[in-house]
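Participant: Handing you this structure, nothing more for now.
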Amino acid sequence: MNKTLRLILTIAFTAISSFSFAQKKVVISSEELQGPKAGKDISINKDGITITMSNGAMNNKFSYRLYQKATMTITSANYNMTNIIIECDTYKNDEKRYLADGFADNMEGVTVSSDKVTVTWTGDAKTTSFTAAKKQVRIKKFTITLKDTPNDITGINVESNNNAQPMYNLSGQRVDKNYKGVVIQNGKKFINK
């Protein structure tokens, strides 16, 4: 009874732990990470995420600048991205603000907040693009959520035991099928009851 209960609890905890997932977020901020000066096809990298601008500037500590009619591509090297939050710079320059309303209207999976400061992309892809169709966009921060990935155990393979093979005890002596205790068969240790 006690052994059965222990076995059931072990199986239950294994099943529960296999459902636990780690969701990784990568935050890229202009304050922390600067890139190349103004130019074409410039990019920055952090934790497997690459942000490339076809025309822009990434060397300002206040904001990354995506120039008008330029495209910004965000790519993940390892995992699919499920959510990207882009926070724009609210600084006014000669009464001009370069907020999220500079992005194209018809981008799939993209929503712009009512105050035009935040852009949210929702999807499931390793790469996505944003176009500054209307005017320059100045970006303070990216928060990129990567797809749920299992913590440790990625798969359990259950193979049937070839009972035709001989069994051995831990001393290397050949034993019969009725032997009770830890045995080795097919190169694997198990408890024979």
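Identifiers in this document derive from the order of the structure tokens: chains are assigned A, B, ..., residues are numbered from 1 separately in each chain, and ligands are numbered from 1 in order of occurrence.
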Could you pull the residues within 10 Å of Thr75 in chain A, counting only C-alpha atoms, minus those fewer than 6 positions along the same chain, as a ChimeraX atom specification?

Facilitator: /A:45,48-52,81,125-129

Participant: Atoms to include: C-alpha atoms. Write the selected residues as a compact mmCIF listing (two decimals), in the first residue's frame.

Facilitator:
# COMPACT_ATOMS: atom_id res chain seq x y z
CA ASN A 45 21.20 42.29 -30.79
CA GLY A 48 18.88 36.14 -29.38
CA ILE A 49 16.68 39.04 -30.54
CA THR A 50 17.83 41.12 -33.53
CA ILE A 51 16.20 44.44 -34.41
CA THR A 52 17.08 45.73 -37.88
CA MET A 81 7.70 35.54 -30.42
CA ALA A 125 6.41 33.99 -35.45
CA LYS A 126 10.20 34.15 -35.38
CA THR A 127 10.18 37.38 -37.38
CA THR A 128 7.85 40.34 -37.87
CA SER A 129 8.10 43.78 -39.47

Participant: So that I can see what lies close to Lys193 in chain A, please list as a PyMOL selection string the residues with an atom at most 12 Å from it, counting only C-alpha atoms and leaving out residues fewer than 6 positions away in the same chain.

Facilitator: chain A and resi 3+177-183

Participant: Could you turn the residues from that selection into a file that holds N, CA and C atoms, as a compact mmCIF listing (two decimals), in the first residue's frame?

Facilitator:
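Writing the result to part-v7.txt gives the following:
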# COMPACT_ATOMS: atom_id res chain seq x y z
N LYS A 3 4.04 1.55 -0.88
CA LYS A 3 4.80 1.65 -2.12
C LYS A 3 3.91 2.13 -3.26
N LYS A 177 14.54 -14.72 -14.08
CA LYS A 177 13.48 -13.70 -14.17
C LYS A 177 12.77 -13.48 -12.84
N ASN A 178 12.85 -14.42 -11.91
CA ASN A 178 12.16 -14.31 -10.62
C ASN A 178 12.99 -13.59 -9.56
N TYR A 179 14.21 -13.19 -9.88
CA TYR A 179 15.10 -12.51 -8.94
C TYR A 179 14.48 -11.18 -8.52
N LYS A 180 14.45 -10.92 -7.21
CA LYS A 180 13.88 -9.67 -6.68
C LYS A 180 15.00 -8.71 -6.35
N GLY A 181 14.87 -7.45 -6.76
CA GLY A 181 15.86 -6.42 -6.46
C GLY A 181 16.25 -5.65 -7.70
N VAL A 182 17.39 -4.94 -7.59
CA VAL A 182 17.87 -4.14 -8.71
C VAL A 182 18.59 -5.05 -9.69
N VAL A 183 18.15 -5.00 -10.94
CA VAL A 183 18.75 -5.84 -11.98
C VAL A 183 19.10 -4.98 -13.19

Participant: Select, from A:Met58, A:Ile8, A:Met167, A:Ile184, the residue with the minimum atom-to-atom distance to Ser43 in chain A, counting only C-alpha atoms.

Facilitator: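 Checking each candidate against Ser43 in chain A, we get A:Met58 as the closest.
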
Participant: From the set A:Ala38, A:Ile86, A:Leu33, A:Val117, which residue has the shortest atom-to-atom contact distance to Phe130 in chain A, counting only C-alpha atoms?

Facilitator: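 Checking each of A:Ala38, A:Ile86, A:Leu33, A:Val117 against Phe130 in chain A, counting only C-alpha atoms, the winner is A:Ile86.
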
Participant: So what do you get for CA of Thr122 in chain A versus CA of Ile85 in chain A, distance-wise?

Facilitator: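 For CA of Thr122 in chain A relative to CA of Ile85 in chain A, the distance reads 8.9 Å.
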
Participant: CA of Val119 in chain A and CA of Ala100 in chain A are how many Å apart?

Facilitator: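 Going from CA of Val119 in chain A over to CA of Ala100 in chain A covers 6.4 Å.
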
Participant: Which residue out of A:Asn93, A:Val110, A:Asn192, A:Arg65 has the minimum interatomic distance to Asn163 in chain A when only C-alpha atoms are used?

Facilitator: A:Asn192

Participant: Residues within 12 Å of Val112 in chain A, please, as a ChimeraX atom specification. Count only C-alpha atoms; anything in the same chain fewer than 6 positions from it doesn't count.

Facilitator: /A:84-88,99-106,118-122

Participant: Can I get the selection written as a PDB file, in the first residue's frame, with C-alpha atoms?

Facilitator:
ATOM      1  CA  ILE A  84       5.924  42.607 -28.701  1.00  0.00           C
ATOM      2  CA  ILE A  85       5.246  45.850 -26.847  1.00  0.00           C
ATOM      3  CA  ILE A  86       6.880  48.949 -28.317  1.00  0.00           C
ATOM      4  CA  GLU A  87       6.964  52.044 -26.119  1.00  0.00           C
ATOM      5  CA  CYS A  88       7.497  55.310 -27.999  1.00  0.00           C
ATOM      6  CA  LEU A  99       4.734  58.538 -31.676  1.00  0.00           C
ATOM      7  CA  ALA A 100       3.248  55.230 -32.784  1.00  0.00           C
ATOM      8  CA  ASP A 101       0.753  56.876 -35.139  1.00  0.00           C
ATOM      9  CA  GLY A 102       3.647  57.033 -37.624  1.00  0.00           C
ATOM     10  CA  PHE A 103       3.363  53.287 -38.238  1.00  0.00           C
ATOM     11  CA  ALA A 104       1.304  51.969 -41.158  1.00  0.00           C
ATOM     12  CA  ASP A 105      -2.364  51.288 -40.388  1.00  0.00           C
ATOM     13  CA  ASN A 106      -2.667  47.878 -42.043  1.00  0.00           C
ATOM     14  CA  THR A 118       2.334  52.033 -27.102  1.00  0.00           C
ATOM     15  CA  VAL A 119       2.216  49.569 -29.987  1.00  0.00           C
ATOM     16  CA  THR A 120       1.340  45.935 -29.289  1.00  0.00           C
ATOM     17  CA  TRP A 121       1.963  43.103 -31.740  1.00  0.00           C
ATOM     18  CA  THR A 122       0.397  39.718 -31.043  1.00  0.00           C
TER      19      THR A 122
END

Participant: I need the residues in chain A that are strand (DSSP E or B) according to DSSP; give them as a PyMOL selection string.

Facilitator: chain A and resi 21-22+25-29+39-46+49-57+64-66+71-76+81-88+93+96+110-112+118-125+127-131+137-146+149-150+167-169+174-175+181-185+188-192

Participant: Using only C-alpha atoms, find the one residue out of A:Arg6, A:Lys189, A:Lys92, A:Lys116 that sits nearest to Gly172 in chain A.

Facilitator: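 Among the listed residues, A:Lys189 lies closest to Gly172 in chain A.
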
Participant: Which one of A:Ile44, A:Leu170, A:Leu146, A:Ile28 sits closest to Asp124 in chain A if you count only C-alpha atoms?

Facilitator: A:Leu146

Participant: Neighbouring residues of Gly123 in chain A were defined as those with any atom within 8 Å, considering only C-alpha atoms; residues of the same chain fewer than 6 positions away were excluded. Please report them as a ChimeraX atom specification.

Facilitator: /A:81-83,109

Participant: Using only C-alpha atoms for the distances, tell me which of A:Lys46, A:Arg97, A:Lys135, A:Lys140 is nearest to Lys25 in chain A.

Facilitator: A:Lys46

Participant: For Lys24 in chain A, work out the shell of residues within 10 Å, counting only C-alpha atoms and skipping chain neighbours fewer than 3 positions away, then give it as a PDB file with C-alpha atoms, in the first residue's frame.

Facilitator:
ATOM      1  CA  PHE A  21       6.526  26.310 -18.572  1.00  0.00           C
ATOM      2  CA  VAL A  27      13.589  43.954 -22.791  1.00  0.00           C
ATOM      3  CA  TYR A  79      11.983  30.769 -30.155  1.00  0.00           C
ATOM      4  CA  MET A  81       7.702  35.543 -30.424  1.00  0.00           C
ATOM      5  CA  ILE A 144       9.428  40.903 -26.425  1.00  0.00           C
ATOM      6  CA  THR A 145       7.723  37.799 -25.054  1.00  0.00           C
ATOM      7  CA  LEU A 146       8.986  34.494 -26.392  1.00  0.00           C
ATOM      8  CA  LYS A 147       6.772  31.445 -26.767  1.00  0.00           C
ATOM      9  CA  ASP A 148       6.337  29.155 -23.778  1.00  0.00           C
ATOM     10  CA  THR A 149       9.114  26.603 -23.665  1.00  0.00           C
TER      11      THR A 149
END

Participant: To one decimal place, how far is CA of Gln68 in chain A from CA of Asp41 in chain A in Å?

Facilitator: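 Between these atoms lies a distance of 14.1 Å.
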
Participant: List every residue of chain A that DSSP, applied to the backbone of this structure, assigns to helix (DSSP H, G or I), and report them as a PyMOL selection string.

Facilitator: chain A and resi 2-18+100-102
